[in-house]
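Quick look at upload07.cif (mmCIF, C-alpha atoms):
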data_run
loop_
_atom_site.label_atom_id
_atom_site.label_comp_id
_atom_site.auth_asym_id
_atom_site.auth_seq_id
_atom_site.Cartn_x
_atom_site.Cartn_y
_atom_site.Cartn_z
CA MET A 91 -97.76 29.90 -2.21
CA GLY A 92 -94.40 28.92 -0.75
CA ILE A 93 -94.67 25.48 -2.38
CA VAL A 94 -95.20 26.95 -5.84
CA ALA A 95 -92.14 29.13 -5.49
CA LEU A 96 -90.02 26.15 -4.55
CA SER A 97 -91.29 24.22 -7.57
CA ALA A 98 -90.38 27.07 -9.87
CA CYS A 99 -86.89 27.25 -8.44
CA ALA A 100 -86.48 23.55 -8.81
CA GLY A 101 -87.09 23.80 -12.53
CA LEU A 102 -84.19 26.26 -13.12
CA PRO A 103 -80.96 24.86 -14.52
CA SER A 104 -78.20 24.53 -11.86
CA LYS A 105 -74.97 26.60 -12.20
CA PRO A 106 -71.64 24.75 -12.17
CA LEU A 107 -69.59 25.17 -8.99
CA ALA A 108 -66.64 27.60 -9.29
CA LYS A 109 -63.24 25.86 -9.39
CA ALA A 110 -61.14 26.56 -6.33
CA PRO A 111 -57.89 28.42 -7.13
CA GLU A 112 -54.73 26.30 -7.05
CA PRO A 113 -52.40 27.08 -4.17
CA ALA A 114 -49.28 29.05 -5.01
CA PRO A 115 -46.14 26.94 -5.18
CA VAL A 116 -44.21 26.86 -1.91
CA ARG A 117 -40.60 28.01 -2.18
CA LEU A 118 -38.34 25.72 -0.22
CA VAL A 119 -35.55 27.47 1.66
CA SER A 120 -32.60 25.38 2.84
CA LEU A 121 -31.77 25.83 6.51
CA SER A 122 -28.31 24.25 6.14
CA PRO A 123 -25.39 26.72 6.33
CA PRO A 124 -23.22 27.07 3.22
CA PRO A 125 -20.04 25.00 3.18
CA PRO A 126 -16.76 26.71 4.12
CA SER A 127 -14.97 28.41 1.25
CA PRO A 128 -11.89 26.75 -0.30
CA GLN A 129 -9.81 29.66 0.98
CA LEU A 130 -10.92 29.00 4.55
CA ILE A 131 -10.31 25.27 4.21
CA ARG A 132 -6.79 25.83 2.86
CA GLY A 133 -6.08 28.37 5.58
CA LEU A 134 -7.18 25.97 8.31
CA ALA A 135 -5.04 23.19 6.87
CA GLY A 136 -2.00 25.46 6.76
CA VAL A 137 -2.40 26.64 10.33
CA GLU A 138 -2.99 23.11 11.60
CA LEU A 139 0.22 21.98 9.89
CA GLU A 140 2.21 24.83 11.45
CA ILE A 141 0.81 23.98 14.88
CA MET A 142 1.51 20.28 14.43
CA GLU A 143 5.14 20.97 13.45
CA PHE A 144 5.74 23.42 16.29
CA PRO A 145 8.28 21.54 18.46
CA VAL A 146 7.18 22.85 21.87
CA ARG A 147 4.19 21.18 23.48
CA GLY A 148 2.63 23.20 26.25
CA PRO A 149 -0.22 25.53 27.25
CA ARG A 150 0.33 27.80 24.24
CA HIS A 151 0.23 24.86 21.84
CA MET A 152 -2.98 23.56 23.43
CA ALA A 153 -4.55 27.04 23.25
CA TRP A 154 -3.82 27.20 19.53
CA GLN A 155 -5.48 23.84 18.97
CA GLN A 156 -8.55 25.00 20.89
CA ARG A 157 -8.77 28.12 18.75
CA VAL A 158 -8.64 25.98 15.61
CA LEU A 159 -11.66 24.07 16.91
CA THR A 160 -13.46 27.38 17.47
CA VAL A 161 -12.79 28.46 13.89
CA GLU A 162 -14.00 25.11 12.57
CA SER A 163 -17.18 25.39 14.66
CA LEU A 164 -17.93 28.89 13.36
CA ALA A 165 -17.36 27.76 9.79
CA ALA A 166 -19.64 24.75 10.23
CA GLN A 167 -22.42 27.01 11.55
CA GLY A 168 -22.16 29.32 8.55
CA TYR A 169 -20.37 32.22 10.24
CA ALA A 170 -17.79 32.40 7.48
CA SER A 171 -16.75 36.00 8.07
CA GLN A 172 -16.11 35.51 11.78
CA ALA A 173 -14.31 32.24 11.11
CA GLN A 174 -12.02 33.90 8.56
CA GLN A 175 -11.24 36.80 10.87
CA ARG A 176 -10.31 34.52 13.74
CA LEU A 177 -8.28 32.33 11.43
CA ASP A 178 -6.30 35.32 10.14
CA VAL A 179 -5.47 36.42 13.69
CA LEU A 180 -4.49 32.88 14.70
CA ARG A 181 -2.36 32.36 11.60
CA ALA A 182 -0.46 35.61 12.18
CA GLU A 183 0.22 34.65 15.80
CA VAL A 184 1.35 31.10 15.01
CA LEU A 185 3.65 32.24 12.20
CA ARG A 186 5.12 35.00 14.35
CA GLU A 187 5.76 32.72 17.32
CA SER A 188 7.09 29.94 15.10
CA ALA A 189 9.47 32.26 13.27
CA ALA A 190 10.86 33.62 16.54
CA TYR A 191 11.30 30.14 18.00
CA TYR A 192 12.95 28.66 14.91
CA ARG A 193 15.32 31.61 14.63
CA MET A 194 16.43 31.39 18.27
CA GLN A 195 16.89 27.63 18.24
CA ALA A 196 18.53 27.52 14.81
CA LEU A 197 21.17 30.01 15.93
CA ARG A 198 21.73 28.01 19.12
CA TYR A 199 22.18 24.72 17.26
CA HIS A 200 24.40 26.43 14.69
CA SER A 201 26.65 27.73 17.44
CA GLN A 202 26.77 24.32 19.13
CA ALA A 203 27.49 22.44 15.91
CA LYS A 204 30.55 24.60 15.22
CA GLN A 205 32.01 23.59 18.59
CA PHE A 206 32.43 19.93 17.71
CA ALA A 207 35.75 18.67 16.38
CA ARG A 208 36.87 15.74 14.23
CA LEU A 209 33.88 15.81 11.87
CA ASN A 210 33.88 13.42 8.93
CA SER A 211 33.31 14.66 5.38
CA ASP A 212 29.55 14.08 5.47
CA GLN A 213 29.16 15.90 8.77
CA TYR A 214 31.33 18.74 7.52
CA ASP A 215 29.14 19.11 4.42
CA ARG A 216 26.05 19.21 6.63
CA LEU A 217 27.66 21.89 8.78
CA ARG A 218 28.32 23.97 5.65
CA ALA A 219 24.69 23.48 4.59
CA LEU A 220 23.64 24.67 8.04
CA ASP A 221 25.87 27.73 7.65
CA PHE A 222 24.16 28.54 4.36
CA ALA A 223 20.65 28.11 5.77
CA VAL A 224 21.43 30.47 8.65
CA HIS A 225 23.03 32.97 6.28
CA GLU A 226 19.89 32.91 4.11
CA SER A 227 17.66 33.30 7.21
CA ALA A 228 15.98 29.97 6.43
CA PHE A 229 15.68 29.39 10.15
CA LYS A 230 13.05 26.66 10.10
CA SER A 231 15.19 24.53 7.79
CA ALA A 232 18.30 25.44 9.77
CA TYR A 233 16.58 24.41 12.99
CA PHE A 234 15.90 20.87 11.81
CA GLN A 235 19.32 20.53 10.16
CA GLY A 236 21.14 21.84 13.21
CA ARG A 237 19.19 19.79 15.71
CA ALA A 238 19.84 16.55 13.82
CA LEU A 239 23.55 17.31 13.42
CA VAL A 240 24.12 18.34 17.04
CA ARG A 241 22.29 15.30 18.39
CA GLU A 242 24.34 13.02 16.16
CA LEU A 243 27.66 14.59 17.12
CA TRP A 244 26.77 14.67 20.81
CA ALA A 245 25.79 11.00 20.92
CA ALA A 246 28.68 9.62 18.84
CA HIS A 247 31.00 7.56 21.03
CA ALA A 248 33.38 4.68 20.53
CA TRP A 249 35.13 2.17 22.76
CA VAL A 250 38.76 1.22 23.25
CA THR A 251 40.08 -1.82 25.12
CA VAL A 252 42.84 -1.28 27.68
CA ARG A 253 45.98 -3.27 27.01
CA SER A 254 48.79 -4.16 29.39
CA GLY A 255 50.89 -1.11 30.20
CA ASP A 256 48.35 1.39 28.83
CA THR A 257 47.83 4.78 30.41
CA LEU A 258 45.17 7.33 29.62
CA ALA A 259 47.80 9.38 27.80
CA SER A 260 48.97 6.42 25.71
CA ILE A 261 45.39 5.55 24.81
CA ALA A 262 44.62 9.17 23.84
CA ALA A 263 47.75 9.13 21.69
CA GLN A 264 46.46 6.23 19.60
CA ARG A 265 45.72 7.31 16.06
CA ALA A 266 42.27 5.70 16.19
CA VAL A 267 41.42 7.66 19.33
CA TYR A 268 42.67 11.29 19.46
CA ASP A 269 46.22 11.01 18.13
CA ASN A 270 47.19 13.35 20.95
CA PRO A 271 48.35 12.24 24.42
CA ASN A 272 47.42 15.61 25.92
CA LEU A 273 43.73 14.84 25.43
CA TRP A 274 43.68 12.09 28.04
CA PRO A 275 41.37 14.21 30.32
CA LEU A 276 38.63 13.60 27.76
CA LEU A 277 38.91 9.87 28.43
CA LYS A 278 38.76 10.43 32.16
CA SER A 279 35.74 12.69 31.86
CA ALA A 280 33.89 10.19 29.67
CA ASN A 281 34.53 7.35 32.17
CA LYS A 282 33.92 9.06 35.49
CA GLY A 283 32.10 6.10 36.96
CA LEU A 284 35.12 3.86 36.40
CA LEU A 285 37.97 6.30 36.93
CA PHE A 286 36.68 8.72 39.56
CA ARG A 287 39.25 7.46 42.12
CA ASN A 288 42.11 7.29 39.63
CA PRO A 289 42.61 3.51 39.83
CA PRO A 290 45.37 1.90 37.78
CA LEU A 291 44.08 0.78 34.41
CA GLN A 292 43.39 -2.92 34.14
CA PRO A 293 43.90 -4.85 30.90
CA GLY A 294 40.56 -5.74 29.38
CA TRP A 295 38.74 -2.66 30.57
CA ARG A 296 36.70 -0.93 27.89
CA LEU A 297 36.83 2.83 27.95
CA ARG A 298 34.28 5.01 26.25
CA TYR A 299 35.33 8.18 24.44
CA PRO A 300 33.46 10.83 22.43
CA LEU A 301 34.20 10.77 18.72
CA HIS A 302 33.57 14.50 18.38
CA PRO A 303 34.83 16.32 21.49
CA ARG A 304 33.87 19.97 21.75
CA LEU A 305 36.50 22.66 21.30
CA ASP A 306 35.96 23.99 24.82
CA GLU A 307 36.63 20.49 26.20
CA ILE A 308 39.80 20.23 24.14
CA PHE A 309 41.05 23.64 25.28
CA ALA A 310 40.21 22.84 28.91
CA ALA A 311 42.09 19.53 28.69
CA VAL A 312 45.19 21.16 27.24
CA GLU A 313 45.12 24.15 29.58
CA GLY A 314 44.74 21.83 32.57
CA LEU A 315 48.17 20.40 31.82
CA HIS A 316 49.89 23.74 32.35
#
Whole structure, structure tokens version:
Amino acid sequence: MGIVALSACAGLPSKPLAKAPEPAPVRLVSLSPPPPSPQLIRGLAGVELEIMEFPVRGPRHMAWQQRVLTVESLAAQGYASQAQQRLDVLRAEVLRESAAYYRMQALRYHSQAKQFARLNSDQYDRLRALDFAVHESAFKSAYFQGRALVRELWAAHAWVTVRSGDTLASIAAQRAVYDNPNLWPLLKSANKGLLFRNPPLQPGWRLRYPLHPRLDEIFAAVEGLH
């Protein structure tokens, strides 16, 4: 009986196998953080430039650079909001500290530059430009102008050769030197190593003298004669 049933089943037409459903498409999600915004990139560049130009190198300068690295790291990891917040705080601090420093130093150099005498026409024009920059509160520009001018005036020296019969007063009276015999103490001060014991001048000696003596030095030299 069981065999007959199997034979009957064998004679039935076979049904086609059902087609397996196609898998749903997989949506690929990028794990890479978005790139920093142009605003953040420009802000970082501006702060880095301000830090690089800041004249004082020290712990504060190094701390600023470390904070820039922190902002860059946050931006690279996709924490744009935190990076921007930290950048804004850092920028405000750097600009505030820079402005205070440039103002203080610009005023100092401006005051020093006005103390030098015997400026040539180019140096006088630069001093006037420095006056204008300070008047306009352009202290960063005034800082660099004033520093360059003061360093130039401070370092400017010339040499004069002692001739037979010369004295410090006669040398100071030379038109090419100071055109004023009363300024001989400036020569002595500039040649302390040679003249500290007041030796008689020897022909052939070369004496150094500042081209732009300061007003306080001139007044001290003249007052010392009275």
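Considering only C-alpha atoms, the residue among A:Ser163, A:Ser260, A:Gln129, A:Asn210 positioned nearest to Asp178 (chain A) is A:Gln129.
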Nearest to Ser201 (chain A) among A:Phe144, A:Val312, A:Ser127, A:Arg304, with distances taken over all atoms listed in the file: which residue is it?
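Ranked by minimum distance to Ser201 (chain A), first place goes to A:Arg304.
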Selected residue of minimal separation from Leu305 (chain A) among A:Gln172, A:Val179, A:Gln202, A:Arg265, counting all atoms listed in the file
A:Gln202
Could you give me, as an MDAnalysis selection string, the residues within 12 Å of region 225-241 of chain A, counting only C-alpha atoms and dropping anything in the same chain fewer than 4 positions from it?
chainID A and resid 140 143:145 185 187:207 209:210 212:221 245:247 302:304
Output file for the residues above (C-alpha atoms, as a PDB file, in the frame of the given file):
ATOM      1  CA  GLU A 140       2.210  24.830  11.450  1.00  0.00           C
ATOM      2  CA  GLU A 143       5.140  20.970  13.450  1.00  0.00           C
ATOM      3  CA  PHE A 144       5.740  23.420  16.290  1.00  0.00           C
ATOM      4  CA  PRO A 145       8.280  21.540  18.460  1.00  0.00           C
ATOM      5  CA  LEU A 185       3.650  32.240  12.200  1.00  0.00           C
ATOM      6  CA  GLU A 187       5.760  32.720  17.320  1.00  0.00           C
ATOM      7  CA  SER A 188       7.090  29.940  15.100  1.00  0.00           C
ATOM      8  CA  ALA A 189       9.470  32.260  13.270  1.00  0.00           C
ATOM      9  CA  ALA A 190      10.860  33.620  16.540  1.00  0.00           C
ATOM     10  CA  TYR A 191      11.300  30.140  18.000  1.00  0.00           C
ATOM     11  CA  TYR A 192      12.950  28.660  14.910  1.00  0.00           C
ATOM     12  CA  ARG A 193      15.320  31.610  14.630  1.00  0.00           C
ATOM     13  CA  MET A 194      16.430  31.390  18.270  1.00  0.00           C
ATOM     14  CA  GLN A 195      16.890  27.630  18.240  1.00  0.00           C
ATOM     15  CA  ALA A 196      18.530  27.520  14.810  1.00  0.00           C
ATOM     16  CA  LEU A 197      21.170  30.010  15.930  1.00  0.00           C
ATOM     17  CA  ARG A 198      21.730  28.010  19.120  1.00  0.00           C
ATOM     18  CA  TYR A 199      22.180  24.720  17.260  1.00  0.00           C
ATOM     19  CA  HIS A 200      24.400  26.430  14.690  1.00  0.00           C
ATOM     20  CA  SER A 201      26.650  27.730  17.440  1.00  0.00           C
ATOM     21  CA  GLN A 202      26.770  24.320  19.130  1.00  0.00           C
ATOM     22  CA  ALA A 203      27.490  22.440  15.910  1.00  0.00           C
ATOM     23  CA  LYS A 204      30.550  24.600  15.220  1.00  0.00           C
ATOM     24  CA  GLN A 205      32.010  23.590  18.590  1.00  0.00           C
ATOM     25  CA  PHE A 206      32.430  19.930  17.710  1.00  0.00           C
ATOM     26  CA  ALA A 207      35.750  18.670  16.380  1.00  0.00           C
ATOM     27  CA  LEU A 209      33.880  15.810  11.870  1.00  0.00           C
ATOM     28  CA  ASN A 210      33.880  13.420   8.930  1.00  0.00           C
ATOM     29  CA  ASP A 212      29.550  14.080   5.470  1.00  0.00           C
ATOM     30  CA  GLN A 213      29.160  15.900   8.770  1.00  0.00           C
ATOM     31  CA  TYR A 214      31.330  18.740   7.520  1.00  0.00           C
ATOM     32  CA  ASP A 215      29.140  19.110   4.420  1.00  0.00           C
ATOM     33  CA  ARG A 216      26.050  19.210   6.630  1.00  0.00           C
ATOM     34  CA  LEU A 217      27.660  21.890   8.780  1.00  0.00           C
ATOM     35  CA  ARG A 218      28.320  23.970   5.650  1.00  0.00           C
ATOM     36  CA  ALA A 219      24.690  23.480   4.590  1.00  0.00           C
ATOM     37  CA  LEU A 220      23.640  24.670   8.040  1.00  0.00           C
ATOM     38  CA  ASP A 221      25.870  27.730   7.650  1.00  0.00           C
ATOM     39  CA  ALA A 245      25.790  11.000  20.920  1.00  0.00           C
ATOM     40  CA  ALA A 246      28.680   9.620  18.840  1.00  0.00           C
ATOM     41  CA  HIS A 247      31.000   7.560  21.030  1.00  0.00           C
ATOM     42  CA  HIS A 302      33.570  14.500  18.380  1.00  0.00           C
ATOM     43  CA  PRO A 303      34.830  16.320  21.490  1.00  0.00           C
ATOM     44  CA  ARG A 304      33.870  19.970  21.750  1.00  0.00           C
TER      45      ARG A 304
END
Long-range neighbours of region 268-278 of chain A as JSON, numbers by chain, 10 Å cut-off, only C-alpha atoms, 4 positions minimum in chain:
{"A": [208, 257, 258, 259, 260, 261, 262, 263, 264, 282, 283, 284, 285, 286, 288, 297, 298, 299, 300, 301, 302, 303, 304, 307, 308, 309, 310, 311, 312, 313, 314, 315]}
Go ahead and compute the interatomic distance for CA of Arg150 (chain A) and CA of Ala135 (chain A), in Å to one decimal.
18.8 Å
Taking into account only C-alpha atoms, which residue in the set A:Leu139, A:Val267, A:Gly168, A:Arg132 is nearest to Trp154 (chain A)?
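Once distances to Trp154 (chain A) are computed over only C-alpha atoms, the minimum belongs to A:Leu139.
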To one decimal place, how far is CA of Gln156 (chain A) from CA of Leu180 (chain A) in Å?
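Answer for the CA of Gln156 (chain A) to CA of Leu180 (chain A) separation: 10.8 Å.
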If we count only C-alpha atoms and set the cut-off at 12 Å, which residues sit around Arg176 (chain A), ignoring sequence neighbours fewer than 4 positions away in its own chain? Please answer as a PDB file with C-alpha atoms, keeping the file's coordinate frame.
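Output contents, as saved in selection17.pdb:
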ATOM      1  CA  LEU A 130     -10.920  29.000   4.550  1.00  0.00           C
ATOM      2  CA  GLY A 133      -6.080  28.370   5.580  1.00  0.00           C
ATOM      3  CA  LEU A 134      -7.180  25.970   8.310  1.00  0.00           C
ATOM      4  CA  VAL A 137      -2.400  26.640  10.330  1.00  0.00           C
ATOM      5  CA  TRP A 154      -3.820  27.200  19.530  1.00  0.00           C
ATOM      6  CA  ARG A 157      -8.770  28.120  18.750  1.00  0.00           C
ATOM      7  CA  VAL A 158      -8.640  25.980  15.610  1.00  0.00           C
ATOM      8  CA  LEU A 159     -11.660  24.070  16.910  1.00  0.00           C
ATOM      9  CA  THR A 160     -13.460  27.380  17.470  1.00  0.00           C
ATOM     10  CA  VAL A 161     -12.790  28.460  13.890  1.00  0.00           C
ATOM     11  CA  GLU A 162     -14.000  25.110  12.570  1.00  0.00           C
ATOM     12  CA  SER A 163     -17.180  25.390  14.660  1.00  0.00           C
ATOM     13  CA  LEU A 164     -17.930  28.890  13.360  1.00  0.00           C
ATOM     14  CA  ALA A 165     -17.360  27.760   9.790  1.00  0.00           C
ATOM     15  CA  TYR A 169     -20.370  32.220  10.240  1.00  0.00           C
ATOM     16  CA  ALA A 170     -17.790  32.400   7.480  1.00  0.00           C
ATOM     17  CA  SER A 171     -16.750  36.000   8.070  1.00  0.00           C
ATOM     18  CA  GLN A 172     -16.110  35.510  11.780  1.00  0.00           C
ATOM     19  CA  LEU A 180      -4.490  32.880  14.700  1.00  0.00           C
ATOM     20  CA  ARG A 181      -2.360  32.360  11.600  1.00  0.00           C
ATOM     21  CA  ALA A 182      -0.460  35.610  12.180  1.00  0.00           C
ATOM     22  CA  GLU A 183       0.220  34.650  15.800  1.00  0.00           C
TER      23      GLU A 183
END
With all atoms listed in the file as the atoms that count, which of A:Ser122, A:Asn281, A:Ser211, A:Gln292 lies nearest to Arg253 (chain A)?
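For Arg253 (chain A), the nearest of the candidates is A:Gln292.
Between CA of Gly255 (chain A) and CA of Leu291 (chain A) the separation is 8.2 Å.
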Find the spatial neighbours of Ala166 (chain A), counting all atoms listed in the file, within a cut-off of 9 Å - ignore same-chain residues fewer than 5 positions away - and output them as a tab-separated table (two decimals) with C-alpha atoms, in the frame of the given file.
chain	number	residue	atom	x	y	z
A	123	PRO	CA	-25.39	26.72	6.33
A	124	PRO	CA	-23.22	27.07	3.22
A	125	PRO	CA	-20.04	25.00	3.18
A	126	PRO	CA	-16.76	26.71	4.12
A	161	VAL	CA	-12.79	28.46	13.89
